[in-house]
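Colleague: Here you go, start_11.cif (mmCIF, C-alpha atoms):
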data_model
#
loop_
_atom_site.label_atom_id
_atom_site.label_comp_id
_atom_site.auth_asym_id
_atom_site.auth_seq_id
_atom_site.Cartn_x
_atom_site.Cartn_y
_atom_site.Cartn_z
CA MET A 1259 44.93 168.01 14.86
CA ASP A 1260 47.86 167.31 17.23
CA GLY A 1261 47.34 163.53 17.47
CA LYS A 1262 43.73 163.86 18.60
CA THR A 1263 41.37 161.10 17.56
CA VAL A 1264 37.95 161.43 15.97
CA TRP A 1265 36.50 160.69 19.41
CA ASP A 1266 38.45 163.61 20.91
CA LEU A 1267 37.30 166.00 18.18
CA MET A 1268 33.61 165.08 18.03
CA GLY A 1269 31.52 167.77 19.66
CA THR A 1270 34.30 170.37 19.79
CA GLY A 1271 33.63 172.06 16.45
CA GLU A 1272 37.14 171.07 15.29
CA GLU A 1273 37.50 169.37 11.91
CA TRP A 1274 38.15 165.66 11.38
CA GLY A 1275 38.14 163.42 8.34
CA PRO A 1276 39.21 160.17 6.70
CA ASP A 1277 42.86 160.49 7.84
CA THR A 1278 42.07 161.34 11.47
CA PRO A 1279 43.21 158.72 14.00
CA GLY A 1280 40.29 156.60 15.19
CA ILE A 1281 38.31 156.92 11.94
CA ASP A 1282 38.34 153.13 11.40
CA GLU A 1283 36.81 152.58 14.85
CA PHE A 1284 34.25 155.30 14.10
CA ASN A 1285 33.34 153.59 10.82
CA ARG A 1286 32.95 150.21 12.56
CA ALA A 1287 30.71 151.78 15.22
CA ASN A 1288 28.64 153.44 12.48
CA LEU A 1289 28.26 150.12 10.63
CA ALA A 1290 27.26 148.27 13.82
CA CYS A 1291 24.65 150.93 14.54
CA SER A 1292 23.34 150.73 10.95
CA ASN A 1293 22.93 146.98 11.23
CA MET A 1294 20.98 147.28 14.50
CA LEU A 1295 18.80 149.99 12.94
CA ILE A 1296 17.92 147.69 10.04
CA ARG A 1297 16.57 145.22 12.59
CA TYR A 1298 14.84 147.98 14.61
CA ASN A 1299 13.14 149.42 11.54
CA SER A 1300 12.16 146.23 9.71
CA THR A 1301 11.36 143.58 12.34
CA PRO A 1302 7.89 143.34 13.87
CA MET A 1303 8.30 143.17 17.64
CA ALA A 1304 6.46 143.91 20.86
CA PRO A 1305 7.04 147.36 22.43
CA GLU A 1306 9.25 145.81 25.13
CA GLY A 1307 11.46 144.16 22.49
CA ARG A 1308 11.73 147.37 20.48
CA ARG A 1309 12.65 149.34 23.64
CA ALA A 1310 15.31 146.74 24.53
CA LEU A 1311 16.83 146.99 21.04
CA LEU A 1312 16.72 150.81 21.19
CA SER A 1313 18.51 150.65 24.55
CA GLU A 1314 21.18 148.53 22.87
CA ILE A 1315 21.51 151.00 19.99
CA LEU A 1316 21.84 153.96 22.40
CA GLY A 1317 24.01 152.07 24.88
CA LYS A 1318 21.81 153.09 27.82
CA PRO A 1319 18.34 152.27 29.19
CA VAL A 1320 15.32 153.89 27.54
CA ASP A 1321 12.43 155.00 29.74
CA PRO A 1322 9.32 152.79 29.37
CA GLY A 1323 7.28 155.93 28.59
CA THR A 1324 9.54 156.89 25.67
CA LYS A 1325 8.59 155.84 22.14
CA VAL A 1326 10.69 156.05 18.96
CA VAL A 1327 8.53 155.14 15.98
CA PRO A 1328 10.31 153.41 13.08
CA PRO A 1329 11.76 154.18 10.68
CA PHE A 1330 14.44 155.88 12.75
CA SER A 1331 18.06 156.60 11.89
CA CYS A 1332 21.20 157.80 13.63
CA ASP A 1333 24.98 157.69 13.13
CA LEU A 1334 26.23 156.00 16.28
CA GLY A 1335 23.36 155.92 18.77
CA ARG A 1336 25.67 156.12 21.77
CA ASN A 1337 25.75 159.94 21.64
CA ILE A 1338 21.95 160.20 22.06
CA THR A 1339 20.31 160.62 25.47
CA LEU A 1340 16.51 160.47 25.66
CA GLY A 1341 14.54 161.68 28.66
CA ARG A 1342 11.31 160.31 30.12
CA GLY A 1343 8.09 160.31 28.12
CA VAL A 1344 9.71 161.32 24.80
CA LEU A 1345 7.90 160.70 21.50
CA ILE A 1346 9.97 160.62 18.32
CA ASN A 1347 7.58 160.11 15.42
CA TYR A 1348 8.01 158.41 12.01
CA GLY A 1349 11.04 159.03 9.84
CA CYS A 1350 13.29 161.03 12.16
CA ALA A 1351 17.08 161.20 11.80
CA LEU A 1352 19.34 162.07 14.74
CA LEU A 1353 22.84 162.44 13.32
CA ASP A 1354 24.87 162.08 16.48
CA CYS A 1355 28.50 162.81 15.59
CA ALA A 1356 28.27 164.85 18.80
CA GLU A 1357 25.95 164.53 21.78
CA ILE A 1358 22.21 164.96 21.33
CA ARG A 1359 20.50 165.42 24.68
CA ILE A 1360 16.69 165.35 24.64
CA GLY A 1361 14.87 166.23 27.85
CA ASP A 1362 11.70 164.83 29.40
CA HIS A 1363 8.28 164.89 27.69
CA VAL A 1364 9.63 166.15 24.35
CA LEU A 1365 7.41 165.65 21.29
CA ILE A 1366 9.26 165.35 17.98
CA GLY A 1367 7.07 165.29 14.86
CA PRO A 1368 7.54 163.07 11.81
CA GLY A 1369 10.48 163.73 9.49
CA VAL A 1370 12.47 165.83 11.97
CA ASN A 1371 16.25 165.99 11.56
CA ILE A 1372 18.63 166.80 14.42
CA VAL A 1373 22.05 167.24 12.86
CA THR A 1374 25.21 167.71 14.94
CA ALA A 1375 27.58 167.43 11.97
CA ASP A 1376 28.68 170.24 9.69
CA HIS A 1377 30.99 170.52 6.68
CA PRO A 1378 33.34 173.32 5.57
CA MET A 1379 32.39 176.04 3.11
CA ASP A 1380 35.59 175.24 1.16
CA HIS A 1381 34.54 172.84 -1.61
CA VAL A 1382 37.99 171.24 -1.83
CA LYS A 1383 37.84 170.23 1.85
CA ARG A 1384 34.32 168.88 1.34
CA ARG A 1385 35.64 166.49 -1.32
CA SER A 1386 37.52 164.72 1.48
CA TRP A 1387 34.37 164.55 3.66
CA ILE A 1388 35.89 166.84 6.27
CA THR A 1389 33.44 167.11 9.16
CA SER A 1390 33.04 169.04 12.39
CA SER A 1391 30.33 168.59 15.00
CA ARG A 1392 28.83 170.34 18.00
CA PRO A 1393 26.25 169.09 20.52
CA VAL A 1394 22.51 169.77 20.35
CA GLU A 1395 20.36 170.07 23.46
CA ILE A 1396 16.56 169.96 23.55
CA GLY A 1397 15.00 171.03 26.88
CA ASP A 1398 12.07 169.46 28.72
CA ASP A 1399 8.55 169.74 27.25
CA VAL A 1400 9.70 171.01 23.84
CA TRP A 1401 7.50 170.38 20.80
CA ILE A 1402 9.28 170.16 17.43
CA GLY A 1403 6.87 170.22 14.48
CA ALA A 1404 6.95 167.87 11.49
CA GLY A 1405 9.83 168.23 9.05
CA ALA A 1406 11.88 170.67 11.16
CA THR A 1407 15.68 170.59 11.18
CA ILE A 1408 17.75 171.45 14.26
CA LYS A 1409 21.34 172.26 13.30
CA SER A 1410 24.71 171.72 14.94
CA GLY A 1411 25.37 173.53 18.24
CA VAL A 1412 21.77 174.61 18.86
CA THR A 1413 20.08 174.59 22.28
CA VAL A 1414 16.28 174.66 22.38
CA GLY A 1415 15.07 175.84 25.78
CA ALA A 1416 12.43 174.12 27.89
CA ARG A 1417 8.80 174.35 26.73
CA ALA A 1418 9.72 176.00 23.41
CA VAL A 1419 7.78 175.20 20.24
CA ILE A 1420 9.47 174.81 16.84
CA GLY A 1421 7.14 175.24 13.86
CA ALA A 1422 6.79 172.53 11.23
CA GLY A 1423 9.37 172.74 8.45
CA SER A 1424 11.61 175.18 10.34
CA VAL A 1425 15.40 175.20 10.07
CA VAL A 1426 16.81 176.15 13.47
CA VAL A 1427 20.35 177.52 13.27
CA ARG A 1428 20.38 179.60 16.50
CA ASP A 1429 19.48 178.89 20.11
CA VAL A 1430 15.81 179.15 21.04
CA PRO A 1431 15.05 180.48 24.55
CA PRO A 1432 12.69 178.69 26.94
CA ASP A 1433 8.95 179.16 26.29
CA ALA A 1434 9.51 180.76 22.86
CA VAL A 1435 7.78 179.90 19.58
CA SER A 1436 10.21 179.78 16.66
CA ALA A 1437 9.50 179.09 12.98
CA GLY A 1438 10.76 179.68 9.46
CA ASN A 1439 13.87 179.11 7.37
CA PRO A 1440 16.04 180.20 9.00
CA ALA A 1441 13.85 180.03 12.10
CA ARG A 1442 13.20 183.23 14.01
CA ILE A 1443 11.42 183.90 17.27
CA LEU A 1444 7.72 184.56 16.59
CA ARG A 1445 6.71 184.77 20.22
CA ALA A 1446 9.01 185.15 23.20
CA ALA A 1447 8.29 184.05 26.74
CA GLY A 1448 5.86 186.24 28.62
CA PRO A 1449 6.67 187.93 31.94
CA SER A 1450 5.28 184.95 33.89
CA GLY A 1451 7.62 182.57 32.05
CA GLY A 1452 4.96 181.13 29.73
CA ALA A 1453 4.85 181.64 26.01
#
What do you get writing this file as structure tokens?
Modeller:
Amino acid sequence: MDGKTVWDLMGTGEEWGPDTPGIDEFNRANLACSNMLIRYNSTPMAPEGRRALLSEILGKPVDPGTKVVPPFSCDLGRNITLGRGVLINYGCALLDCAEIRIGDHVLIGPGVNIVTADHPMDHVKRRSWITSSRPVEIGDDVWIGAGATIKSGVTVGARAVIGAGSVVVRDVPPDAVSAGNPARILRAAGPSGGA
């Protein structure tokens, strides 16, 4: 790993693990995020208070038109960027060991997982919790149906629709409808750009 820290390796697809420099700082950041999420998910509060706490978790302002319904979970929070008018419904997990960028007016159904982390196929490496991660990008006006999973390195193009329960392992072009496990394109964009 040539002296690179966890923070250098996150999002590159390169492996890192418990002996990688910076792992203690990563673990502290993860614990701090977990503690804030406990408060976010279990404390009754006005929408303004919940948005302020979410802004603290993410380390950046959250648009007043964006709503993240508890319970919600993430690894670090700081690698998540939410656009304007986003709805993230009940029980979603955004595992942000790499950047997760969500565009404007995205609807994310209940129980959706967006997972930037991956683990090796080699079972011996997995015993040491070796991890790699790549960013996920969700374009404007995307709708992700309930229970779908978006995997590491995937880009979902603007206005695309992901069917409920789908597992998306490849990029989805703008205006397409994709569903299944693994997800496949059911309907591509028409000649005018609409699905």
Colleague: Work out how far apart atom CA of A:Ala1416 and atom CA of A:Ala1441 are and give it in Å to one decimal.
Modeller: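 Straight-line distance from atom CA of A:Ala1416 to atom CA of A:Ala1441 works out to 16.9 Å.
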Colleague: So which residues touch A:Gly1261 within 12 Å, counting only C-alpha atoms, skipping near sequence neighbours fewer than 3 positions away, as a list in words?
Modeller: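 Once the nearby chain positions are removed, what remains is Val1264, Trp1265, Asp1266, Leu1267, Trp1274, Asp1277, Thr1278, Pro1279 and Gly1280 of chain A.
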Colleague: Skipping near chain neighbours, those fewer than 3 positions away, what residues fall within 10 Å of stretch 1332-1340 of chain A using only C-alpha atoms, listed as a PyMOL selection string?
Modeller: chain A and resi 1269+1284-1292+1294-1295+1312-1321+1324-1326+1343-1346+1350-1364+1371-1373+1393-1396
Colleague: Pull the neighbourhood of (6.5, 170.6, 21.0) for me: all residues within 9 Å in file coordinates, counting all atoms listed in the file, as a PyMOL selection string.
Modeller: chain A and resi 1363-1367+1399-1403+1417-1421
Colleague: If you count only C-alpha atoms, which residues fall within 7 Å of stretch 1299-1305 of chain A, apart from same-chain ones fewer than 6 positions away, as number ranges by chain?
Modeller: A: 1328-1330
Colleague: Pull out every residue that the PyMOL selection byres ((chain A and resi 1442) around 10) matches in the shown coordinates and put them as a PDB file with C-alpha atoms, in the coordinates of the input.
Modeller:
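Result file selection.pdb:
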ATOM      1  CA  ILE A1420       9.470 174.810  16.840  1.00  0.00           C
ATOM      2  CA  SER A1424      11.610 175.180  10.340  1.00  0.00           C
ATOM      3  CA  VAL A1425      15.400 175.200  10.070  1.00  0.00           C
ATOM      4  CA  VAL A1426      16.810 176.150  13.470  1.00  0.00           C
ATOM      5  CA  VAL A1427      20.350 177.520  13.270  1.00  0.00           C
ATOM      6  CA  ARG A1428      20.380 179.600  16.500  1.00  0.00           C
ATOM      7  CA  ASP A1429      19.480 178.890  20.110  1.00  0.00           C
ATOM      8  CA  VAL A1430      15.810 179.150  21.040  1.00  0.00           C
ATOM      9  CA  ALA A1434       9.510 180.760  22.860  1.00  0.00           C
ATOM     10  CA  VAL A1435       7.780 179.900  19.580  1.00  0.00           C
ATOM     11  CA  SER A1436      10.210 179.780  16.660  1.00  0.00           C
ATOM     12  CA  ALA A1437       9.500 179.090  12.980  1.00  0.00           C
ATOM     13  CA  GLY A1438      10.760 179.680   9.460  1.00  0.00           C
ATOM     14  CA  ASN A1439      13.870 179.110   7.370  1.00  0.00           C
ATOM     15  CA  PRO A1440      16.040 180.200   9.000  1.00  0.00           C
ATOM     16  CA  ALA A1441      13.850 180.030  12.100  1.00  0.00           C
ATOM     17  CA  ILE A1443      11.420 183.900  17.270  1.00  0.00           C
ATOM     18  CA  LEU A1444       7.720 184.560  16.590  1.00  0.00           C
ATOM     19  CA  ARG A1445       6.710 184.770  20.220  1.00  0.00           C
TER      20      ARG A1445
END
Colleague: Just the number, please: distance in Å from atom CA of A:Arg1384 to atom CA of A:Pro1276, one decimal.
Modeller: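 Atom CA of A:Pro1276 lies 11.3 Å from atom CA of A:Arg1384.
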Colleague: Under the rule that all atoms listed in the file are counted, which of A:Asp1433, A:Thr1263, A:Thr1270, A:Gly1275 is the nearest residue to A:Trp1387?
Modeller: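 The answer is A:Gly1275, which sits nearest to A:Trp1387.
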Colleague: For a quick check of understanding, using all atoms listed in the file, which of A:Asp1398, A:Ser1391, A:Ala1404, A:Arg1309 has the smallest distance to A:Asn1347?
Modeller: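 Under the stated criterion, the closest residue is A:Ala1404.
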Colleague: Provide the atom CA of A:Pro1431 to atom CA of A:Ser1331 distance in Å, to one decimal place.
Modeller: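 Atom-to-atom, atom CA of A:Pro1431 to atom CA of A:Ser1331, that is 27.2 Å.
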Colleague: Starting from the incomplete input, reconstruct N, CA and C atoms of stretch 1355-1389 of chain A and report them as a short mmCIF file (atom, residue, chain, number, x, y, z; two decimals), keeping the file's coordinate frame.
Modeller:
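Output saved as rebuild.cif:
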data_model
loop_
_atom_site.label_atom_id
_atom_site.label_comp_id
_atom_site.auth_asym_id
_atom_site.auth_seq_id
_atom_site.Cartn_x
_atom_site.Cartn_y
_atom_site.Cartn_z
N CYS A 1355 27.03 162.72 15.57
CA CYS A 1355 28.50 162.81 15.59
C CYS A 1355 28.96 163.63 16.79
N ALA A 1356 28.05 164.20 17.50
CA ALA A 1356 28.27 164.85 18.80
C ALA A 1356 27.05 164.50 19.63
N GLU A 1357 27.06 164.87 20.90
CA GLU A 1357 25.95 164.53 21.78
C GLU A 1357 24.65 165.20 21.36
N ILE A 1358 23.57 164.43 21.45
CA ILE A 1358 22.21 164.96 21.33
C ILE A 1358 21.52 164.61 22.63
N ARG A 1359 21.16 165.64 23.39
CA ARG A 1359 20.50 165.42 24.68
C ARG A 1359 19.07 165.93 24.57
N ILE A 1360 18.11 165.03 24.75
CA ILE A 1360 16.69 165.35 24.64
C ILE A 1360 16.07 165.17 26.01
N GLY A 1361 15.43 166.22 26.51
CA GLY A 1361 14.87 166.23 27.85
C GLY A 1361 13.60 165.41 27.98
N ASP A 1362 12.92 165.57 29.10
CA ASP A 1362 11.70 164.83 29.40
C ASP A 1362 10.49 165.41 28.66
N HIS A 1363 9.58 164.52 28.26
CA HIS A 1363 8.28 164.89 27.69
C HIS A 1363 8.40 165.74 26.43
N VAL A 1364 9.42 165.45 25.62
CA VAL A 1364 9.63 166.15 24.35
C VAL A 1364 8.83 165.43 23.27
N LEU A 1365 8.14 166.19 22.43
CA LEU A 1365 7.41 165.65 21.29
C LEU A 1365 8.13 166.07 20.02
N ILE A 1366 8.53 165.09 19.22
CA ILE A 1366 9.26 165.35 17.98
C ILE A 1366 8.41 164.78 16.84
N GLY A 1367 7.96 165.66 15.95
CA GLY A 1367 7.07 165.29 14.86
C GLY A 1367 7.76 164.45 13.80
N PRO A 1368 6.98 163.90 12.86
CA PRO A 1368 7.54 163.07 11.81
C PRO A 1368 8.51 163.85 10.92
N GLY A 1369 9.54 163.14 10.45
CA GLY A 1369 10.48 163.73 9.49
C GLY A 1369 11.40 164.79 10.05
N VAL A 1370 11.57 164.84 11.37
CA VAL A 1370 12.47 165.83 11.97
C VAL A 1370 13.91 165.34 11.86
N ASN A 1371 14.82 166.28 11.59
CA ASN A 1371 16.25 165.99 11.56
C ASN A 1371 16.95 166.80 12.64
N ILE A 1372 17.76 166.12 13.45
CA ILE A 1372 18.63 166.80 14.42
C ILE A 1372 20.04 166.45 13.99
N VAL A 1373 20.79 167.47 13.55
CA VAL A 1373 22.05 167.24 12.86
C VAL A 1373 23.19 167.92 13.62
N THR A 1374 24.08 167.12 14.22
CA THR A 1374 25.21 167.71 14.94
C THR A 1374 26.40 167.97 14.04
N ALA A 1375 26.43 167.33 12.87
CA ALA A 1375 27.58 167.43 11.97
C ALA A 1375 27.46 168.65 11.06
N ASP A 1376 28.61 169.13 10.64
CA ASP A 1376 28.68 170.24 9.69
C ASP A 1376 29.86 169.97 8.76
N HIS A 1377 29.90 170.67 7.65
CA HIS A 1377 30.99 170.52 6.68
C HIS A 1377 31.51 171.90 6.30
N PRO A 1378 32.76 172.00 5.86
CA PRO A 1378 33.34 173.32 5.57
C PRO A 1378 32.73 173.98 4.33
N MET A 1379 32.84 175.29 4.28
CA MET A 1379 32.39 176.04 3.11
C MET A 1379 33.33 175.80 1.93
N ASP A 1380 34.59 175.48 2.20
CA ASP A 1380 35.59 175.24 1.16
C ASP A 1380 35.27 173.93 0.43
N HIS A 1381 34.96 174.02 -0.85
CA HIS A 1381 34.54 172.84 -1.61
C HIS A 1381 35.64 171.78 -1.73
N VAL A 1382 36.89 172.20 -1.73
CA VAL A 1382 37.99 171.24 -1.83
C VAL A 1382 38.04 170.38 -0.56
N LYS A 1383 37.89 171.00 0.60
CA LYS A 1383 37.84 170.23 1.85
C LYS A 1383 36.65 169.28 1.87
N ARG A 1384 35.52 169.73 1.34
CA ARG A 1384 34.32 168.88 1.34
C ARG A 1384 34.53 167.61 0.52
N ARG A 1385 35.37 167.68 -0.52
CA ARG A 1385 35.64 166.49 -1.32
C ARG A 1385 36.23 165.36 -0.50
N SER A 1386 36.92 165.72 0.58
CA SER A 1386 37.52 164.72 1.48
C SER A 1386 36.60 164.38 2.65
N TRP A 1387 35.36 164.82 2.62
CA TRP A 1387 34.37 164.55 3.66
C TRP A 1387 34.82 165.08 5.01
N ILE A 1388 35.49 166.22 5.00
CA ILE A 1388 35.89 166.84 6.27
C ILE A 1388 34.62 167.22 7.03
N THR A 1389 34.61 166.92 8.32
CA THR A 1389 33.44 167.11 9.16
C THR A 1389 33.84 167.80 10.46
#
